[in-house]
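See below for data15.cif, which holds mmCIF, C-alpha atoms and all ligand atoms.
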```cif
data_upload
loop_
_atom_site.label_atom_id
_atom_site.label_comp_id
_atom_site.auth_asym_id
_atom_site.auth_seq_id
_atom_site.Cartn_x
_atom_site.Cartn_y
_atom_site.Cartn_z
CA MET A 449 66.47 28.10 -28.70
CA VAL A 450 64.71 29.45 -25.63
CA ALA A 451 61.88 30.89 -27.71
CA GLU A 452 61.38 27.54 -29.46
CA HIS A 453 61.50 25.72 -26.15
CA ASN A 454 58.80 28.01 -24.77
CA GLU A 455 56.61 27.46 -27.82
CA VAL A 456 56.69 23.71 -27.21
CA SER A 457 56.08 24.42 -23.55
CA GLY A 458 52.87 26.26 -24.46
CA TYR A 459 51.94 23.37 -26.72
CA VAL A 460 52.24 20.91 -23.81
CA ASN A 461 49.63 22.96 -21.93
CA GLU A 462 47.42 22.95 -25.02
CA ILE A 463 47.54 19.16 -25.36
CA ARG A 464 46.69 18.86 -21.69
CA ASP A 465 43.71 21.22 -22.00
CA ARG A 466 42.32 19.75 -25.19
CA GLY A 467 43.18 16.08 -24.89
CA GLN A 468 41.05 13.30 -23.53
CA PHE A 469 42.46 11.58 -20.45
CA SER A 470 39.63 9.68 -18.84
CA ILE A 471 37.46 6.68 -19.55
CA GLY A 472 35.20 4.15 -17.88
CA ARG A 473 33.59 4.17 -14.49
CA SER A 474 32.63 1.75 -11.77
CA SER A 475 29.01 1.54 -10.79
CA THR A 476 29.71 0.60 -7.17
CA GLY A 477 28.56 3.37 -4.91
CA SER A 478 26.82 5.35 -7.63
CA GLN A 479 24.05 5.99 -5.12
CA ALA A 480 26.24 6.02 -2.01
CA HIS A 481 25.80 9.76 -1.55
CA LEU A 482 22.16 9.06 -0.62
CA ALA A 483 23.15 7.39 2.66
CA SER A 484 25.62 7.99 5.42
CA CYS A 485 27.39 5.30 7.39
CA ASN A 486 28.61 5.71 10.96
CA ASN A 487 30.37 3.23 13.16
CA THR A 488 28.40 3.36 16.40
CA SER A 489 30.25 0.66 18.32
CA ASN A 490 31.48 1.75 21.75
CA PHE A 491 34.80 -0.03 21.54
CA ASN A 492 37.68 0.37 19.15
CA TYR A 493 37.13 3.95 18.05
CA LYS A 494 39.84 3.51 15.40
CA ARG A 495 37.74 1.13 13.38
CA ASP A 496 36.76 3.64 10.74
CA ARG A 497 40.26 4.32 9.59
CA ASN A 498 39.68 2.17 6.52
CA VAL A 499 36.64 3.62 4.81
CA ALA A 500 35.52 2.56 1.38
CA ASP A 501 35.78 5.31 -1.20
CA TYR A 502 32.47 5.34 -3.05
CA ALA A 503 32.66 8.93 -4.19
CA SER A 504 35.33 8.52 -6.82
CA LYS A 505 34.16 7.01 -10.10
CA ASN A 506 37.56 5.45 -10.71
CA VAL A 507 37.42 3.34 -7.58
CA HIS A 508 35.72 -0.03 -7.67
CA ASN A 509 34.85 -1.60 -4.35
CA ALA A 510 35.18 -5.33 -4.50
CA SER A 511 35.96 -8.50 -2.61
CA LEU A 512 39.51 -9.25 -1.56
CA GLN A 513 39.65 -11.97 -4.22
CA VAL A 514 38.74 -9.55 -7.00
CA VAL A 515 41.30 -7.00 -5.78
CA ARG A 516 44.01 -9.67 -5.84
CA ASN A 517 42.99 -11.00 -9.24
CA ALA A 518 42.95 -7.46 -10.62
CA SER A 519 46.60 -7.02 -9.82
CA ALA A 520 47.42 -10.29 -11.59
CA ASP A 521 45.25 -9.62 -14.63
CA PRO A 522 44.73 -5.83 -14.73
CA ILE A 523 43.45 -5.31 -18.28
CA LYS A 524 40.88 -8.11 -18.05
CA TYR A 525 39.56 -6.81 -14.75
CA LEU A 526 39.59 -3.21 -15.91
CA ILE A 527 37.38 -4.11 -18.88
CA LYS A 528 35.04 -6.18 -16.77
CA TYR A 529 34.54 -3.97 -13.73
CA PHE A 530 34.72 -0.52 -15.26
CA ASP A 531 32.10 -1.27 -17.91
CA ILE A 532 34.45 -0.92 -20.88
CA ASP A 533 32.27 -2.47 -23.57
CA ALA A 534 33.77 -4.30 -26.51
CA THR A 535 32.33 -1.89 -29.05
CA GLU A 536 33.92 0.06 -31.87
CA GLU A 537 32.90 3.34 -30.23
CA LYS A 538 34.65 2.43 -27.00
CA LEU A 539 37.72 1.23 -28.87
CA ALA A 540 37.89 4.54 -30.77
CA GLU A 541 37.53 6.44 -27.49
CA ILE A 542 40.42 4.54 -25.92
CA GLU A 543 42.55 5.05 -29.01
CA SER A 544 41.90 8.75 -28.75
CA ILE A 545 43.04 8.74 -25.11
CA GLY A 546 46.12 6.77 -26.19
CA GLU A 547 46.88 9.48 -28.77
CA SER A 548 46.49 12.28 -26.23
CA ILE A 549 48.79 10.50 -23.82
CA SER A 550 51.46 9.64 -26.36
CA ARG A 551 51.40 13.21 -27.74
CA LEU A 552 51.87 14.56 -24.25
CA GLU A 553 54.62 12.04 -23.48
CA ASP A 554 56.45 12.91 -26.73
CA ALA A 555 56.09 16.66 -26.23
CA ILE A 556 57.34 16.50 -22.64
CA GLN A 557 60.28 14.33 -23.65
CA ASN A 558 61.02 16.78 -26.48
CA LEU A 559 60.96 19.66 -23.99
CA GLU A 560 63.43 17.85 -21.75
CA LEU A 561 65.83 17.35 -24.68
CA ARG A 562 65.54 21.02 -25.59
CA GLU A 563 66.23 22.11 -22.05
CA ALA A 564 69.25 19.79 -21.89
CA SER A 565 70.62 21.39 -25.08
CA ILE A 566 70.09 24.88 -23.72
CA SER A 567 71.82 23.98 -20.44
CA LYS A 568 74.67 22.47 -22.40
CA THR A 569 75.10 25.65 -24.48
CA ILE A 570 75.17 27.87 -21.41
CA ALA A 571 77.14 25.32 -19.39
CA PRO A 572 76.55 26.67 -15.89
CA PRO A 573 78.51 25.12 -12.99
CA PRO A 574 76.85 21.79 -12.08
CA PHE A 575 75.81 22.99 -8.61
CA ILE A 576 73.62 25.66 -10.24
CA LEU A 577 71.55 23.01 -12.05
CA LYS A 578 71.47 20.87 -8.96
CA HIS A 579 70.46 23.44 -6.36
CA TYR A 580 69.19 26.47 -8.29
CA LEU A 581 67.37 24.89 -11.23
CA ASN A 582 64.32 27.13 -10.96
CA GLU A 583 66.45 30.29 -10.65
CA PHE A 584 68.48 29.15 -13.65
CA ARG A 585 65.31 28.59 -15.68
CA ALA A 586 64.03 32.03 -14.67
CA GLN A 587 67.31 33.72 -15.62
CA VAL A 588 67.37 32.02 -19.02
CA GLY A 589 63.65 32.72 -19.50
CA LEU A 590 62.54 29.09 -19.82
CA SER A 591 58.85 28.56 -19.16
CA VAL A 592 58.19 25.10 -17.84
CA PRO A 593 54.67 23.62 -17.94
CA ARG A 594 53.43 20.97 -15.54
CA LEU A 595 55.45 17.96 -16.57
CA THR A 596 53.33 15.27 -14.99
CA ILE A 597 51.05 13.30 -17.26
CA PRO A 598 47.44 12.84 -16.12
CA TYR A 599 47.33 9.10 -16.72
CA PRO A 600 43.85 7.70 -16.06
CA GLU A 601 44.10 5.66 -12.88
CA TYR A 602 41.79 2.88 -11.74
CA VAL A 603 41.63 1.39 -8.30
CA PHE A 604 40.20 -1.89 -7.07
CA GLN A 605 39.59 -1.50 -3.38
CA TYR A 606 38.63 -3.91 -0.65
CA VAL A 607 37.64 -2.68 2.77
CA SER A 608 36.69 -5.26 5.38
CA ALA A 609 33.28 -5.01 6.98
CA SER A 610 34.79 -3.93 10.29
CA GLY A 611 37.00 -1.36 8.61
CA ASN A 612 40.04 -2.94 10.19
CA SER A 613 41.76 -3.88 6.98
CA SER A 614 41.89 -2.79 3.39
CA GLN A 615 43.77 -3.63 0.27
CA GLU A 616 43.90 -2.11 -3.18
CA SER A 617 45.24 -2.65 -6.69
CA ARG A 618 46.01 0.38 -8.80
CA ILE A 619 46.11 0.37 -12.59
CA GLU A 620 47.75 3.33 -14.27
CA LEU A 621 46.90 3.67 -17.95
CA ASN A 622 50.25 4.68 -19.39
CA SER A 623 51.05 4.06 -23.07
CA PRO A 624 51.90 0.35 -22.77
CA ALA A 625 48.76 -0.28 -20.68
CA ILE A 626 46.58 1.57 -23.19
CA ASP A 627 48.12 -0.36 -26.09
CA SER A 628 47.37 -3.57 -24.27
CA LEU A 629 43.80 -2.43 -23.55
CA ILE A 630 43.31 -1.54 -27.23
CA GLU A 631 44.59 -4.95 -28.34
CA THR A 632 42.51 -6.89 -25.80
CA LEU A 633 39.36 -4.97 -26.65
CA SER A 634 39.81 -5.42 -30.39
CA GLU A 635 40.23 -9.17 -29.89
CA LYS A 636 36.88 -9.22 -28.08
CA ILE A 637 35.26 -7.27 -30.89
CA LYS A 638 36.58 -9.78 -33.42
CA TRP A 639 35.12 -12.58 -31.32
CA SER A 640 31.68 -11.06 -31.46
CA LYS A 641 32.09 -10.95 -35.27
CA SER A 642 31.54 -7.24 -35.58
CA ALA A 643 32.90 -5.44 -38.62
CA ALA A 644 35.57 -3.92 -36.40
CA ALA A 645 39.30 -4.48 -36.54
CA GLN A 646 39.46 -4.50 -40.30
CA ARG A 647 41.42 -1.32 -39.77
CA SER A 648 44.73 -0.92 -37.96
CA LEU A 649 44.82 -0.29 -34.24
CA MET A 650 46.17 3.11 -33.22
CA THR A 651 48.93 1.93 -30.93
CA SER A 652 52.42 3.22 -30.20
CA ALA A 653 53.78 0.58 -32.58
CA LEU A 654 51.71 1.93 -35.48
CA ARG A 655 52.68 5.55 -34.72
CA ASP A 656 56.36 4.55 -34.67
CA PHE A 657 55.90 2.69 -37.94
CA ILE A 658 54.31 5.68 -39.71
CA LYS A 659 57.09 8.02 -38.55
CA SER A 660 59.75 5.65 -39.77
CA ARG A 661 57.88 5.03 -43.08
CA ASP A 662 57.82 8.82 -43.63
CA LYS A 663 61.55 9.00 -42.79
CA TYR A 664 60.92 11.28 -39.79
CA THR A 665 59.95 14.09 -42.14
CA CYS A 666 56.94 16.40 -41.92
CA LYS A 667 54.75 15.76 -44.95
CA THR A 668 53.66 19.40 -45.12
CA CYS A 669 56.77 21.52 -44.50
CA LYS A 670 59.32 18.78 -45.33
CA VAL A 671 61.44 19.45 -42.25
CA SER A 672 63.08 16.28 -40.94
CA THR A 673 64.90 15.24 -37.80
CA ASP A 674 68.08 15.48 -39.90
CA ASP A 675 67.45 19.23 -40.24
CA GLU A 676 66.32 19.76 -36.67
CA ALA A 677 67.52 17.36 -34.01
CA HIS A 678 64.69 18.28 -31.64
CA LEU A 679 61.90 18.22 -34.20
CA LEU A 680 58.67 17.12 -32.53
CA LEU A 681 56.78 14.82 -34.91
CA GLU A 682 53.21 13.56 -34.64
CA VAL A 683 51.04 11.12 -36.55
CA ASP A 684 48.02 12.70 -38.20
CA HIS A 685 44.84 11.28 -39.75
CA ILE A 686 44.83 12.84 -43.26
CA LYS A 687 41.03 12.65 -43.26
CA PRO A 688 40.13 13.22 -39.58
CA ILE A 689 38.33 10.51 -37.63
CA SER A 690 35.55 13.04 -36.92
CA LYS A 691 35.00 13.26 -40.70
CA GLY A 692 34.88 9.49 -41.12
CA GLY A 693 38.62 8.99 -41.70
CA LEU A 694 39.97 5.54 -40.90
CA SER A 695 43.05 4.45 -38.98
CA ILE A 696 44.63 2.80 -41.98
CA GLU A 697 48.19 3.33 -43.14
CA THR A 698 47.14 5.21 -46.29
CA ASN A 699 45.18 7.71 -44.16
CA LEU A 700 48.06 8.34 -41.74
CA GLN A 701 50.95 10.73 -42.19
CA THR A 702 53.77 12.30 -40.21
CA LEU A 703 53.50 16.01 -39.44
CA CYS A 704 55.60 18.28 -37.28
CA TRP A 705 53.70 19.63 -34.27
CA LYS A 706 53.32 23.07 -35.80
CA CYS A 707 51.81 21.83 -39.06
CA ASN A 708 49.60 19.40 -37.15
CA ARG A 709 48.32 22.18 -34.88
CA THR A 710 47.61 24.47 -37.83
CA LYS A 711 45.73 21.64 -39.54
CA SER A 712 43.62 20.67 -36.52
CA ASN A 713 42.75 24.31 -35.81
CA LYS A 714 41.48 24.57 -39.39
CA TYR A 715 39.26 21.51 -38.91
CA ASP A 716 38.04 22.62 -35.47
CA GLY A 717 37.05 26.03 -36.81
ZN ZN B 801 55.72 20.75 -40.66
#
```
Could you write out this file's structure as structure tokens?
Amino acid sequence: MVAEHNEVSGYVNEIRDRGQFSIGRSSTGSQAHLASCNNTSNFNYKRDRNVADYASKNVHNASLQVVRNASADPIKYLIKYFDIDATEEKLAEIESIGESISRLEDAIQNLELREASISKTIAPPPFILKHYLNEFRAQVGLSVPRLTIPYPEYVFQYVSASGNSSQESRIELNSPAIDSLIETLSEKIKWSKSAAAQRSLMTSALRDFIKSRDKYTCKTCKVSTDDEAHLLLEVDHIKPISKGGLSIETNLQTLCWKCNRTKSNKYDG
């Protein structure tokens, strides 16, 4: 059990290293590094405590109104101010980020279930798990990867001219936010009458559907969640997107993480 846990743990690091977790940028301040700004007033030396962040590409500096609207209507403002074009290429890029994120979320959740099972088998006194979790993991030989997920984060920031006040709206692209971004963008593509959106959208809902259609069984090795309670399943493009494969139900299948990794290594090589 520990060995299997540690294999999945290594896989989590792999997804993190290989996956795509970033998109879009704001053009505000793209040339800000060419100038420096100093507050030279003699009074109120604290005025510079709110300084606009132009260095980070995921921060958009905007008026207070835009910052407020962005928190009310995050996806719309994200698309508009971070130059996320309504094109098929951009849609595919976002879907690929959505896949990386959901794979990482699933793998981390799977790892937590495995660790819970291992703890249950060993059944240490509760205070051990509460106060000596790391020592317990070391004793058992559990390797634990970084369990945080690098969700892309976008910030709308307002800093007043005097630097006395600032306000920001943060948008974290977790799975539901990415699904919503995918759906909004595909609607825009339909509006512009492109050939897009004839295919299915790679959202969490479609991945769940494919797994249930395939009865939670790996199409290659035939192992199912009935055989292995903690089986980690993924949705695979039978013909990869990089080879022109489409996100349509007939080109999607359920694979266990091991078979999926073997398959993608074959295609990468
Ligand atoms: Zn398999």
Just want the 7 Å neighbourhood of stretch 539-544 of chain A, counted on only C-alpha atoms, with same-chain residues fewer than 2 positions away dropped. Output as a ChimeraX atom specification. /A:468,535-537,546-548,630,633,650
Contact table chain A vs ligand ZN 801 (chain B), cut-off 8 Å, shortest pair per residue, all atoms listed in the file, as CSV:
```
residue,atom,partner,partner_atom,distance
A:Cys666,CA,B:ZN801,ZN,4.7
A:Lys667,CA,B:ZN801,ZN,6.7
A:Thr668,CA,B:ZN801,ZN,5.1
A:Cys669,CA,B:ZN801,ZN,4.1
A:Lys670,CA,B:ZN801,ZN,6.2
A:Val671,CA,B:ZN801,ZN,6.1
A:Leu703,CA,B:ZN801,ZN,5.4
A:Cys704,CA,B:ZN801,ZN,4.2
A:Trp705,CA,B:ZN801,ZN,6.8
A:Lys706,CA,B:ZN801,ZN,5.9
A:Cys707,CA,B:ZN801,ZN,4.4
A:Asn708,CA,B:ZN801,ZN,7.2
```
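Between A:Lys659 and the residues A:Thr702, A:Asn622, A:Ser628, A:Gln587, the shortest atom-to-atom distance, using only C-alpha atoms, involves A:Thr702.
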Which residues come within 9 Å of A:Gly589, counting only C-alpha atoms, excluding same-chain residues fewer than 4 positions away, as an NGL selection string? :A and (450-451 or 454 or 584-585)
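What separates atom CA of A:His685 from atom CA of A:Asn699 is a distance of 5.7 Å.
Those residues that approach A:Ile696 to within 12 Å, counting all atoms listed in the file, are A:Ala645, A:Gln646, A:Arg647, A:Ser648, A:Leu649, A:Met650, A:Thr651, A:Leu654, A:Arg655, A:Phe657, A:Ile658, A:Val683, A:Asp684, A:His685, A:Ile686, A:Lys687, A:Pro688, A:Ile689, A:Gln701; same-chain residues fewer than 5 positions away are not listed.
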Writing out the chosen residues with C-alpha atoms as a PDB file, keeping the file's coordinate frame:
```pdb
ATOM      1  CA  ALA A 645      39.300  -4.480 -36.540  1.00  0.00           C
ATOM      2  CA  GLN A 646      39.460  -4.500 -40.300  1.00  0.00           C
ATOM      3  CA  ARG A 647      41.420  -1.320 -39.770  1.00  0.00           C
ATOM      4  CA  SER A 648      44.730  -0.920 -37.960  1.00  0.00           C
ATOM      5  CA  LEU A 649      44.820  -0.290 -34.240  1.00  0.00           C
ATOM      6  CA  MET A 650      46.170   3.110 -33.220  1.00  0.00           C
ATOM      7  CA  THR A 651      48.930   1.930 -30.930  1.00  0.00           C
ATOM      8  CA  LEU A 654      51.710   1.930 -35.480  1.00  0.00           C
ATOM      9  CA  ARG A 655      52.680   5.550 -34.720  1.00  0.00           C
ATOM     10  CA  PHE A 657      55.900   2.690 -37.940  1.00  0.00           C
ATOM     11  CA  ILE A 658      54.310   5.680 -39.710  1.00  0.00           C
ATOM     12  CA  VAL A 683      51.040  11.120 -36.550  1.00  0.00           C
ATOM     13  CA  ASP A 684      48.020  12.700 -38.200  1.00  0.00           C
ATOM     14  CA  HIS A 685      44.840  11.280 -39.750  1.00  0.00           C
ATOM     15  CA  ILE A 686      44.830  12.840 -43.260  1.00  0.00           C
ATOM     16  CA  LYS A 687      41.030  12.650 -43.260  1.00  0.00           C
ATOM     17  CA  PRO A 688      40.130  13.220 -39.580  1.00  0.00           C
ATOM     18  CA  ILE A 689      38.330  10.510 -37.630  1.00  0.00           C
ATOM     19  CA  GLN A 701      50.950  10.730 -42.190  1.00  0.00           C
TER      20      GLN A 701
END
```
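Among the candidates A:Ile523, A:Gly693, A:Lys711, A:Met449, the one nearest to A:Ala564 when counting only C-alpha atoms is A:Met449.
Distance annotation: of A:Ser617, A:Ser457, A:Gln605, A:Asn582, the residue with the minimal separation from A:Asn558 is A:Ser457; atom set is only C-alpha atoms.
One distance worth recording is that between atom CA of A:Leu559 and atom CA of A:Ile619, which is 26.9 Å.
Of the listed residues A:Ala518, A:Ala510, A:Leu694, A:Leu621, the one whose atoms come nearest to A:Ile545 is A:Leu621, with distances taken using all atoms listed in the file.
One finds atom CA of A:Phe604 at 5.4 Å from atom CA of A:Val515.
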Around the point (50.5, 21.3, -20.7) in the file's coordinates, collect all residues with an atom within 10 Å, using all atoms listed in the file, and return them as a VMD selection string. chain A and resid 456 to 467 552 555 to 556 592 to 597
Take the residues just selected and output them with C-alpha atoms as an mmCIF file, in the coordinates of the input.
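Dumped to selection-v3.cif:
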```cif
data_model
loop_
_atom_site.group_PDB
_atom_site.id
_atom_site.type_symbol
_atom_site.label_atom_id
_atom_site.label_comp_id
_atom_site.auth_asym_id
_atom_site.auth_seq_id
_atom_site.Cartn_x
_atom_site.Cartn_y
_atom_site.Cartn_z
ATOM 1 C CA VAL A 456 56.690 23.710 -27.210
ATOM 2 C CA SER A 457 56.080 24.420 -23.550
ATOM 3 C CA GLY A 458 52.870 26.260 -24.460
ATOM 4 C CA TYR A 459 51.940 23.370 -26.720
ATOM 5 C CA VAL A 460 52.240 20.910 -23.810
ATOM 6 C CA ASN A 461 49.630 22.960 -21.930
ATOM 7 C CA GLU A 462 47.420 22.950 -25.020
ATOM 8 C CA ILE A 463 47.540 19.160 -25.360
ATOM 9 C CA ARG A 464 46.690 18.860 -21.690
ATOM 10 C CA ASP A 465 43.710 21.220 -22.000
ATOM 11 C CA ARG A 466 42.320 19.750 -25.190
ATOM 12 C CA GLY A 467 43.180 16.080 -24.890
ATOM 13 C CA LEU A 552 51.870 14.560 -24.250
ATOM 14 C CA ALA A 555 56.090 16.660 -26.230
ATOM 15 C CA ILE A 556 57.340 16.500 -22.640
ATOM 16 C CA VAL A 592 58.190 25.100 -17.840
ATOM 17 C CA PRO A 593 54.670 23.620 -17.940
ATOM 18 C CA ARG A 594 53.430 20.970 -15.540
ATOM 19 C CA LEU A 595 55.450 17.960 -16.570
ATOM 20 C CA THR A 596 53.330 15.270 -14.990
ATOM 21 C CA ILE A 597 51.050 13.300 -17.260
#
```
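If you measure from each of A:Gly611, A:Arg551, A:Ile637, A:Lys663 to A:Arg709 using all atoms listed in the file, the closest one turns out to be A:Arg551.
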A:Tyr599 proximity check over A:Glu553, A:Asp533, A:Glu583, A:Glu682, using all atoms listed in the file: winner is A:Glu553
